[in-house]
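**Q** The structure is given below, and queries will be raised subsequently.
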Amino acid sequence: MDFSIRAANVEDCKDIARMIVELAEYEKVADHVKVTQRDLEQDGFSKNPFFHGIVAEVPEQHKTKDGHTKIGYALYFYSYSSWSGRAIYMEDLYVMPEFRGKSIGKALMSKVAQLGLAAGCNQLNFTVLDWNKPSLDFYLSQGSFDITADMGYHCMRCEGEALEHLAQP
Amino acid sequence: MSDQVKISHEELERDGFCQNPFFECLVAEVHEEDKAKEGFTMVGYALYFYTYSTWKGRSVYLEDLYVMPEFRGKGIGKGLLGKVAEMGKKEQCVRLQLSVLEWNTPSRDFYAAKGALDLTDNEGWHFIRFDGQNLDNLANEAPKD
């Protein structure tokens with residue numbers, strides 16, 4: 001299937017917001033999504049953006065039942081490893097179900113890798129849920145490794161009251 | 001894992017103090033009279049950067065938190081951690097995230113005592129990485145513009 005990948009612009013935030021919710025539904029946590037289209041516009045397209053995005057589009061003749069031509073995205077930001085230096089973190093990778101199996105996800109991920117290398121990054125990092133076997137198998141088959149399983153790294157988070165408490169001077 | 005460290009102070013200078021820095025850093029210092037055996041007054045640091053959660057928004061990631069062994073148990077680590085949280089709050093971050101090795105019980109206990117959740121144990125999140133030749137191979141397969 002014919003598709004194209006390009007950098008996201010502020011007009012894409014409506015579709016990205018839609019697909020973020022679809023991805024959260026896939027991960028069984030749609031009620032967790034608090035970020036809105038407006039948050040994306042402010043946080044991704046201001047002077048010091050918190051993230052960058054790329055969007056996958058199909059031609060008009062392949063649009064979805066609801067009329068969407070933007071059918072996938074990847075959202076990423078630059079991070080740092082005090083051991084290896086510059087890194088790129090892929091926060092989201094998503095392709096709408098009816099467009100899967102056409103290498104669009106692979107193309108999005110490769111594009112993030114390419115952008116990372118162009119910026120001098122040595123790592124592409126992201127997370128996946130352990131029950132998400134299709135995704136885990138896909139990533140491992142592409143040459144990634146599972147740092148949690150192999151090296152024992154655990155992801156930790158502070159939020160809400162715990163974070164408020166930590167931030168008390 | 002000291003053989004894993006591939007960068008030097010030159011990369012830190014370039015990447016942390018350029019126009020769009022990749023990270024920020026806090027340092028902990030003691031007075032001259034309390035300096036380390038080797039003469040250091042800089043005895044700890046926290047290296048962090050801003051990230052994004054498409055569910056919750058702005059976040060801060062604590063990449064490193066370290067206090068030299070002879071200065072531990074004095075609240076310096078806690079002070080550094082609190083300062084990172086405060087910096088994050090100024091930027092309206094709603095999350096502070098980090099990673100810790102499974103066998104590192106003192107650190108796991110320290111963070112758990114501060115209210116940190118272990119997302120790997122509780123929700124099944126795993127870190128995945130592409131680097132080296134695998135990263136190059138992946139990038140080479142990107143569609144041509």
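Here, A, B, ... name the chains of the structure tokens in the order displayed, residue numbers run from 1 inside each chain, and ligands are numbered from 1 in the same displayed order.
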Show me, as a PyMOL selection string, the residues of chain B whose atoms get within 6 Å of chain A, using only C-alpha atoms for the distance check.

**A** chain B and resi 5-7+55-57+82+85-86+95-102+115-120+124-131+134+138-139+141-142

**Q** Limited to N, CA, C and O atoms, could you put the picked residues into a file as a tab-separated table (two decimals), in the first residue's frame?

**A**
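again-v1.tsv, written as the output of this step:
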chain	number	residue	atom	x	y	z
B	5	VAL	N	30.84	2.77	30.41
B	5	VAL	CA	30.86	4.22	30.26
B	5	VAL	C	31.70	4.59	29.05
B	5	VAL	O	32.92	4.34	29.02
B	6	LYS	N	31.04	5.15	28.02
B	6	LYS	CA	31.72	5.44	26.77
B	6	LYS	C	31.98	6.92	26.55
B	6	LYS	O	32.68	7.29	25.63
B	7	ILE	N	31.33	7.77	27.35
B	7	ILE	CA	31.50	9.20	27.10
B	7	ILE	C	32.44	9.81	28.14
B	7	ILE	O	32.69	9.23	29.19
B	55	TRP	N	0.01	10.33	27.70
B	55	TRP	CA	-1.18	10.18	28.53
B	55	TRP	C	-1.32	11.33	29.52
B	55	TRP	O	-2.42	11.82	29.74
B	56	LYS	N	-0.18	11.70	30.15
B	56	LYS	CA	-0.26	12.65	31.24
B	56	LYS	C	0.46	13.97	30.98
B	56	LYS	O	0.25	14.93	31.71
B	57	GLY	N	1.32	14.05	29.97
B	57	GLY	CA	1.99	15.30	29.66
B	57	GLY	C	3.43	15.36	30.12
B	57	GLY	O	4.14	14.36	30.18
B	82	GLY	N	14.93	15.62	45.72
B	82	GLY	CA	13.91	16.64	45.96
B	82	GLY	C	14.07	17.84	45.06
B	82	GLY	O	13.10	18.40	44.55
B	85	ALA	N	12.82	17.06	41.62
B	85	ALA	CA	11.35	17.11	41.63
B	85	ALA	C	10.86	18.55	41.59
B	85	ALA	O	9.91	18.89	40.89
B	86	GLU	N	11.56	19.43	42.33
B	86	GLU	CA	11.20	20.85	42.37
B	86	GLU	C	11.42	21.49	41.00
B	86	GLU	O	10.58	22.27	40.52
B	95	ARG	N	5.15	14.00	36.32
B	95	ARG	CA	5.76	12.72	36.66
B	95	ARG	C	7.27	12.87	36.78
B	95	ARG	O	7.87	13.69	36.08
B	96	LEU	N	7.85	12.07	37.65
B	96	LEU	CA	9.30	11.93	37.72
B	96	LEU	C	9.56	10.44	37.53
B	96	LEU	O	8.98	9.61	38.25
B	97	GLN	N	10.39	10.08	36.56
B	97	GLN	CA	10.64	8.65	36.29
B	97	GLN	C	12.13	8.37	36.35
B	97	GLN	O	12.96	9.27	36.19
B	98	LEU	N	12.47	7.13	36.58
B	98	LEU	CA	13.86	6.71	36.65
B	98	LEU	C	13.89	5.20	36.48
B	98	LEU	O	12.84	4.56	36.41
B	99	SER	N	15.10	4.63	36.42
B	99	SER	CA	15.17	3.17	36.42
B	99	SER	C	16.19	2.75	37.46
B	99	SER	O	17.08	3.53	37.84
B	100	VAL	N	16.01	1.54	37.97
B	100	VAL	CA	16.90	1.05	39.01
B	100	VAL	C	17.10	-0.45	38.76
B	100	VAL	O	16.22	-1.12	38.23
B	101	LEU	N	18.29	-0.93	39.05
B	101	LEU	CA	18.57	-2.35	38.82
B	101	LEU	C	17.90	-3.20	39.89
B	101	LEU	O	17.86	-2.83	41.07
B	102	GLU	N	17.39	-4.32	39.43
B	102	GLU	CA	16.64	-5.26	40.28
B	102	GLU	C	17.38	-5.62	41.56
B	102	GLU	O	16.79	-5.70	42.63
B	115	GLY	N	7.66	6.91	47.77
B	115	GLY	CA	6.38	6.79	47.08
B	115	GLY	C	6.49	6.43	45.61
B	115	GLY	O	5.51	6.51	44.88
B	116	ALA	N	7.69	6.01	45.16
B	116	ALA	CA	7.83	5.62	43.75
B	116	ALA	C	7.19	4.25	43.53
B	116	ALA	O	7.27	3.38	44.39
B	117	LEU	N	6.53	4.12	42.38
B	117	LEU	CA	5.92	2.84	42.01
B	117	LEU	C	6.86	2.10	41.09
B	117	LEU	O	7.49	2.71	40.23
B	118	ASP	N	6.94	0.81	41.25
B	118	ASP	CA	7.75	-0.02	40.35
B	118	ASP	C	6.83	-0.47	39.21
B	118	ASP	O	6.01	-1.38	39.38
B	119	LEU	N	6.97	0.19	38.06
B	119	LEU	CA	6.07	-0.07	36.94
B	119	LEU	C	6.36	-1.42	36.29
B	119	LEU	O	5.47	-2.01	35.65
B	120	THR	N	7.60	-1.89	36.44
B	120	THR	CA	7.95	-3.19	35.85
B	120	THR	C	7.22	-4.28	36.64
B	120	THR	O	6.52	-5.11	36.07
B	124	GLY	N	4.15	-4.44	34.39
B	124	GLY	CA	4.78	-5.26	33.34
B	124	GLY	C	5.54	-4.48	32.29
B	124	GLY	O	5.79	-4.98	31.19
B	125	TRP	N	5.95	-3.24	32.58
B	125	TRP	CA	6.70	-2.45	31.59
B	125	TRP	C	8.14	-2.94	31.51
B	125	TRP	O	8.80	-3.12	32.52
B	126	HIS	N	8.61	-3.10	30.27
B	126	HIS	CA	10.00	-3.47	30.02
B	126	HIS	C	10.67	-2.40	29.16
B	126	HIS	O	10.05	-1.85	28.24
B	127	PHE	N	11.94	-2.11	29.47
B	127	PHE	CA	12.73	-1.20	28.63
B	127	PHE	C	13.30	-1.99	27.46
B	127	PHE	O	13.86	-3.07	27.64
B	128	ILE	N	13.19	-1.40	26.27
B	128	ILE	CA	13.72	-2.03	25.07
B	128	ILE	C	14.73	-1.06	24.44
B	128	ILE	O	14.51	0.15	24.48
B	129	ARG	N	15.80	-1.59	23.88
B	129	ARG	CA	16.81	-0.72	23.28
B	129	ARG	C	17.35	-1.25	21.96
B	129	ARG	O	17.61	-2.44	21.81
B	130	PHE	N	17.57	-0.30	21.04
B	130	PHE	CA	18.36	-0.54	19.83
B	130	PHE	C	19.64	0.25	19.98
B	130	PHE	O	19.59	1.44	20.28
B	131	ASP	N	20.80	-0.37	19.76
B	131	ASP	CA	22.04	0.39	19.71
B	131	ASP	C	23.00	-0.29	18.73
B	131	ASP	O	22.64	-1.30	18.12
B	134	ASN	N	22.64	-2.75	15.25
B	134	ASN	CA	21.19	-2.93	15.13
B	134	ASN	C	20.48	-1.60	14.90
B	134	ASN	O	19.50	-1.53	14.16
B	138	LEU	N	18.47	-0.58	11.44
B	138	LEU	CA	17.09	-0.09	11.50
B	138	LEU	C	16.96	1.24	10.75
B	138	LEU	O	16.04	1.43	9.96
B	139	ALA	N	17.91	2.13	10.99
B	139	ALA	CA	17.86	3.46	10.36
B	139	ALA	C	18.00	3.35	8.84
B	139	ALA	O	17.37	4.11	8.10
B	141	GLU	N	16.80	1.23	6.96
B	141	GLU	CA	15.56	0.76	6.34
B	141	GLU	C	14.48	1.83	6.29
B	141	GLU	O	13.37	1.57	5.83
B	142	ALA	N	14.81	3.04	6.75
B	142	ALA	CA	13.80	4.11	6.74
B	142	ALA	C	13.47	4.47	5.30
B	142	ALA	O	14.34	4.46	4.43

**Q** What parts of stretch 8-136 of chain B does DSSP call strand (DSSP E)? I'd like the answer as number ranges by chain.

**A** B: 24-29, 42-53, 57-67, 95-101, 117-118, 125-131

**Q** Using C-alpha atoms, can you write the selected residues to a file as an mmCIF file, in the first residue's frame?

**A**
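Produced file out_34.cif, reproduced below:
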data_model
loop_
_atom_site.group_PDB
_atom_site.id
_atom_site.type_symbol
_atom_site.label_atom_id
_atom_site.label_comp_id
_atom_site.auth_asym_id
_atom_site.auth_seq_id
_atom_site.Cartn_x
_atom_site.Cartn_y
_atom_site.Cartn_z
ATOM 1 C CA GLU B 24 20.461 19.355 33.061
ATOM 2 C CA CYS B 25 22.526 18.596 36.120
ATOM 3 C CA LEU B 26 22.573 19.462 39.791
ATOM 4 C CA VAL B 27 25.685 19.030 41.925
ATOM 5 C CA ALA B 28 26.075 18.658 45.686
ATOM 6 C CA GLU B 29 29.059 20.366 47.275
ATOM 7 C CA MET B 42 31.836 18.068 44.744
ATOM 8 C CA VAL B 43 30.431 14.907 46.301
ATOM 9 C CA GLY B 44 27.222 14.107 44.424
ATOM 10 C CA TYR B 45 25.121 14.897 41.364
ATOM 11 C CA ALA B 46 21.756 14.360 39.716
ATOM 12 C CA LEU B 47 21.475 14.325 35.913
ATOM 13 C CA TYR B 48 17.996 14.660 34.441
ATOM 14 C CA PHE B 49 16.078 15.725 31.345
ATOM 15 C CA TYR B 50 12.508 16.510 30.335
ATOM 16 C CA THR B 51 10.355 13.890 28.670
ATOM 17 C CA TYR B 52 6.733 13.521 27.605
ATOM 18 C CA SER B 53 3.937 11.140 28.384
ATOM 19 C CA GLY B 57 1.989 15.303 29.657
ATOM 20 C CA ARG B 58 5.243 16.844 30.777
ATOM 21 C CA SER B 59 7.568 14.630 32.788
ATOM 22 C CA VAL B 60 11.109 14.625 34.108
ATOM 23 C CA TYR B 61 13.459 11.641 33.896
ATOM 24 C CA LEU B 62 16.184 11.183 36.488
ATOM 25 C CA GLU B 63 19.028 9.526 34.586
ATOM 26 C CA ASP B 64 21.596 9.490 37.412
ATOM 27 C CA LEU B 65 21.555 10.100 41.138
ATOM 28 C CA TYR B 66 24.880 9.611 42.908
ATOM 29 C CA VAL B 67 26.541 10.483 46.199
ATOM 30 C CA ARG B 95 5.763 12.717 36.659
ATOM 31 C CA LEU B 96 9.301 11.928 37.715
ATOM 32 C CA GLN B 97 10.644 8.655 36.291
ATOM 33 C CA LEU B 98 13.859 6.709 36.648
ATOM 34 C CA SER B 99 15.175 3.168 36.416
ATOM 35 C CA VAL B 100 16.899 1.049 39.006
ATOM 36 C CA LEU B 101 18.572 -2.348 38.821
ATOM 37 C CA LEU B 117 5.920 2.841 42.010
ATOM 38 C CA ASP B 118 7.746 -0.024 40.352
ATOM 39 C CA TRP B 125 6.695 -2.453 31.592
ATOM 40 C CA HIS B 126 9.997 -3.466 30.016
ATOM 41 C CA PHE B 127 12.734 -1.202 28.634
ATOM 42 C CA ILE B 128 13.724 -2.034 25.070
ATOM 43 C CA ARG B 129 16.812 -0.719 23.283
ATOM 44 C CA PHE B 130 18.357 -0.543 19.828
ATOM 45 C CA ASP B 131 22.041 0.391 19.711
#

**Q** How would you write, as a ChimeraX atom specification, the set of residues in chain A that DSSP gives as helix (DSSP H, G or I)?

**A** /A:10-26,30-32,37-44,60-62,97-99,104-118,133-141,147-151,160-166

**Q** Quick check, in Å to one decimal: how far apart do atom CA of A:Val55 and atom CA of A:Tyr73 lie?

**A**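 Distance between the two atoms: 4.3 Å.
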
**Q** Restricting the calculation to only C-alpha atoms, which member of A:Glu11, A:Glu22, A:Thr69, A:Glu60 is positioned closest to A:Leu93?

**A**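 Among A:Glu11, A:Glu22, A:Thr69, A:Glu60, it is A:Glu22 that comes nearest to A:Leu93.
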